[in-house]
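Asks: Pasting in a structure now, in structure tokens, and then I'll have a few things to ask.
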Amino acid sequence: MGAAGSAGTAGAVAPQGPVDFSQMGPHAVMRDQPVGEGFEYPIASSDTGDGVAGCQSFASSFGGDASETSTFITIPPDLKMNMYSLYRPAQLEEGKKYPIVTWGNGTCALPEGYGTLLKHLASHGIFVIAANSRQVGQNSVMTKALDWAFAANKDPESPYYQRIDTEKVGAAGHSQGGAATIAAASDARIKTVIIFNGGSSAPKPFFTISGDRDLPFVTISSMKSAVSSAAKAAWLWYHMIPERGSFDGHLTLITQPERVVGPSAAWFKYIFDNDPDAKQWLVGSSCKLCGMTDQLEYGAKGL
């Protein structure tokens with residue numbers, strides 16, 4: 001299990017005073033891909049042959065900008081569709097272990113379509129392992145990603161040897177990837193999940209996120225009900241959707257990632273580390289998200 005190839009870095013700004021999770025964290029970021037040798041999964045039908053054209057039709061049905069849509073769904077020639085991309089801090093501190101989140105793409109989407117979020121999490125000290133597949137509901141690719149990561153963590157030949165904190169494991173995904181995240185939550189290794197536009201609850205502490213003009217299977221009432229029945233959970237519903245195409249509230253994570261990155265980083269840092277700055281975002285009647293009522297609605301239980 002040798003060293004992974006690297007593709008791209010992103011800078012980060014050292015925080016001054018309390019951490020603002022809406023900003024990049026203290027770590028510069030690297031994307032390693034492909035990773036996962038020995039843990040490949042079957043290539044989905046949408047990722048080859050006629051399925052590629054099917055994805056073009058599916059993405060176009062949202063009515064967004066045609067050029068942006070084409071760029072978003074085009075498979076780069078070097079992307080191995082049966083392997084993974086790993087977003088991580090570029091410089092790994094000696095003796096430090098990092099939490100890990102397994103990511104699930106939405107239907108016909110690719111990891112770099114969510115690159116703003118995944119790099120943001122990595123800048124706050126989290127490994128994010130993203131299956132390259134555009135059909136993550138198949139072949140249990142999200143949990144297979146953790147199989148690879150746990151094996152790499154134990155392999156002295158791996159660049160990730162003893163770098164992963166296997167007690168701080170999460171899952172997150174968008175749309176189809178949100179549904180796959182809910183399924184993955186039954187894995188005993190996973191401690192918490194974030195569900196973007198793909199369901200209302202999970203069998204672990206969860207954060208469910210959607211908004212106005214989303215597809216009709218996620219509603220604010222279903223999210224509120226799910227959280228009220230949970231031991232530890234939160235919901236977030238975005239307003240002020242720009243109305244560019246049909247159901248564009250389903251794509252907030254893609255078209256307006258700056259709205260999503262702060263709550264997401266705060267959730268994982270609070271659940272994994274009980275981070276006091278993250279707590280200020282999520283807990284109490286005066287929490288940061290509680291004070292953004294012109295932009296969103298938020299509620300929580302058990303935090």
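Scheme for the structure tokens: letters A, B, ... for chains in order shown; per-chain residue numbers from 1; ligand numbers from 1 in order shown.
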Find the spatial neighbours of Arg189 in chain A, counting only C-alpha atoms, within a cut-off of 10 Å - ignore same-chain residues fewer than 5 positions away - and output them as a PyMOL selection string.

Replies: chain A and resi 143+146+166-170+184

Asks: What's around Glu93 in chain A at 12 Å? Count only C-alpha atoms, leave out sequence neighbours fewer than 5 positions away in its own chain, and write the answer as JSON, numbers by chain.

Replies: {"A": [27, 88, 98, 125, 160, 162, 163, 164]}

Asks: Write out the residues from the selection above, keeping C-alpha atoms, as an mmCIF file, in the first residue's frame.

Replies:
data_model
loop_
_atom_site.group_PDB
_atom_site.id
_atom_site.type_symbol
_atom_site.label_atom_id
_atom_site.label_comp_id
_atom_site.auth_asym_id
_atom_site.auth_seq_id
_atom_site.Cartn_x
_atom_site.Cartn_y
_atom_site.Cartn_z
ATOM 1 C CA HIS A 27 -4.098 23.666 7.483
ATOM 2 C CA ARG A 88 -6.358 16.035 3.844
ATOM 3 C CA TYR A 98 -6.869 13.082 12.356
ATOM 4 C CA GLY A 125 -7.863 19.017 10.315
ATOM 5 C CA TYR A 160 -1.183 7.490 6.254
ATOM 6 C CA GLN A 162 -1.070 5.867 12.261
ATOM 7 C CA ARG A 163 -2.393 9.211 10.988
ATOM 8 C CA ILE A 164 -6.121 8.419 11.242
#

Asks: State, in Å with one decimal place, the distance from CA of Val141 in chain A to CA of Ala44 in chain A.

Replies: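 Computing the Euclidean distance for CA of Val141 in chain A and CA of Ala44 in chain A yields 10.7 Å.
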
Asks: Give me, as number ranges by chain, all polymer residues having an atom no more than 12 Å from Ser285 in chain A, counting only C-alpha atoms and skipping those fewer than 4 positions away in the same chain.

Replies: A: 279-281, 289-292, 298-301, 303

Asks: Can you tell me which residues surround Ile126 in chain A at a distance of at most 8 Å, considering only C-alpha atoms, apart from same-chain residues fewer than 5 positions away, and format the answer as a list in words?

Replies: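 Neighbouring residues, sequence-local ones excluded: Arg88, Pro89, Tyr98, Pro99, Ile100, Val101 and Leu121 of chain A.
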
Asks: Just to confirm, what's the straight-line distance from CA of Pro26 in chain A to CA of Lys191 in chain A in Å (one decimal)?

Replies: 24.3 Å

Asks: Out of A:Lys232, A:His124, A:His250, A:Lys96, which residue has the shortest atom-to-atom distance to Asp212 in chain A when counting only C-alpha atoms?

Replies: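 Once distances to Asp212 in chain A are computed over only C-alpha atoms, the minimum belongs to A:His250.
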
Asks: Hey, what's within 12 Å of Lys224 in chain A if we count only C-alpha atoms and toss same-chain stuff fewer than 5 positions away? As a list in words, please?

Replies: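 Here the answer would be Gly199, Ser200, Ser201, Phe207, Thr208, Ile209, Ser210, Val218, Thr219, Ser229, Ala230, Ala233, Ala234, Trp235, Leu236, Trp237, Glu297, Tyr298, Gly299, Ala300 and Lys301 of chain A.
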
Asks: What's the 10 Å shell around Tyr41 in chain A, counting only C-alpha atoms, without same-chain residues fewer than 4 positions away, as a PyMOL selection string?

Replies: chain A and resi 36+81-84+131+133+138-141+144-145

Asks: Write a file of the just-selected residues containing C-alpha atoms, as a compact mmCIF listing (two decimals), in the first residue's frame.

Replies:
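Listed below is the output, again-v5.txt:
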# COMPACT_ATOMS: atom_id res chain seq x y z
CA GLY A 36 -7.67 2.87 -2.51
CA MET A 81 -13.95 5.77 -11.25
CA ASN A 82 -13.47 2.66 -9.10
CA MET A 83 -11.17 4.37 -6.58
CA TYR A 84 -11.14 7.38 -4.25
CA ALA A 131 -15.45 7.68 -3.65
CA SER A 133 -18.27 6.97 -8.16
CA GLN A 138 -24.19 0.89 -5.21
CA ASN A 139 -21.56 -1.50 -3.87
CA SER A 140 -21.32 0.11 -0.38
CA VAL A 141 -18.56 2.39 -1.64
CA LYS A 144 -15.44 0.39 1.57
CA ALA A 145 -13.63 3.73 1.67

Asks: Tell me, which residues of range 78-202 of chain A carry DSSP helix (DSSP H, G or I), written as number ranges by chain?

Replies: A: 111-123, 141-154, 176-184

Asks: My list of candidates is A:Met24, A:Leu282, A:Ile271, A:Ala90. Which is closest to Leu117 in chain A when distances are computed with only C-alpha atoms?

Replies: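 The shortest atom-to-atom distance to Leu117 in chain A comes from A:Met24.
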
Asks: Select from range 155-244 of chain A everything DSSP, run on the backbone, classes as strand (DSSP E or B), then give the selection as JSON, numbers by chain.

Replies: {"A": [164, 165, 166, 167, 168, 169, 170, 171, 172, 173, 174, 192, 193, 194, 195, 196, 206, 207, 208, 209, 210, 211, 233, 234, 235, 236, 237, 238]}

Asks: Considering only C-alpha atoms, state which residue in the set A:Asn132, A:Tyr161, A:Leu118, A:Arg31 is at the smallest distance from Glu94 in chain A.

Replies: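 Nearest to Glu94 in chain A: A:Tyr161.
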
Asks: Determine the nearest neighbour of Val136 in chain A from the options A:Thr74, A:Ser158, A:Gln91, A:Thr107, counting only C-alpha atoms.

Replies: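 For Val136 in chain A, the nearest of the candidates is A:Thr107.
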
Asks: Excluding Gly64 in chain A and its own-chain neighbours fewer than 6 positions away, which residues fall within 8 Å of it when counting only C-alpha atoms? Please give them as a VMD selection string.

Replies: chain A and resid 244 to 246 248

Asks: Restrict the selected residues to C-alpha atoms and save them as a short mmCIF file (atom, residue, chain, number, x, y, z; two decimals), in the first residue's frame.

Replies:
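Result saved to again.cif:
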data_model
loop_
_atom_site.label_atom_id
_atom_site.label_comp_id
_atom_site.auth_asym_id
_atom_site.auth_seq_id
_atom_site.Cartn_x
_atom_site.Cartn_y
_atom_site.Cartn_z
CA ARG A 244 -31.67 29.69 -11.06
CA GLY A 245 -33.43 26.70 -12.56
CA SER A 246 -35.73 24.04 -11.14
CA ASP A 248 -32.10 24.82 -7.19
#

Asks: One number please: CA of Met30 in chain A to CA of Gln256 in chain A, in Å, one decimal.

Replies: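 Straight-line distance from CA of Met30 in chain A to CA of Gln256 in chain A works out to 22.2 Å.
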
Asks: In terms of the shortest atom-to-atom distance over only C-alpha atoms, which of A:Gly104, A:Asp273, A:Pro76, A:Gly211 is closest to Arg259 in chain A?

Replies: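 Ranked by minimum distance to Arg259 in chain A, first place goes to A:Gly211.
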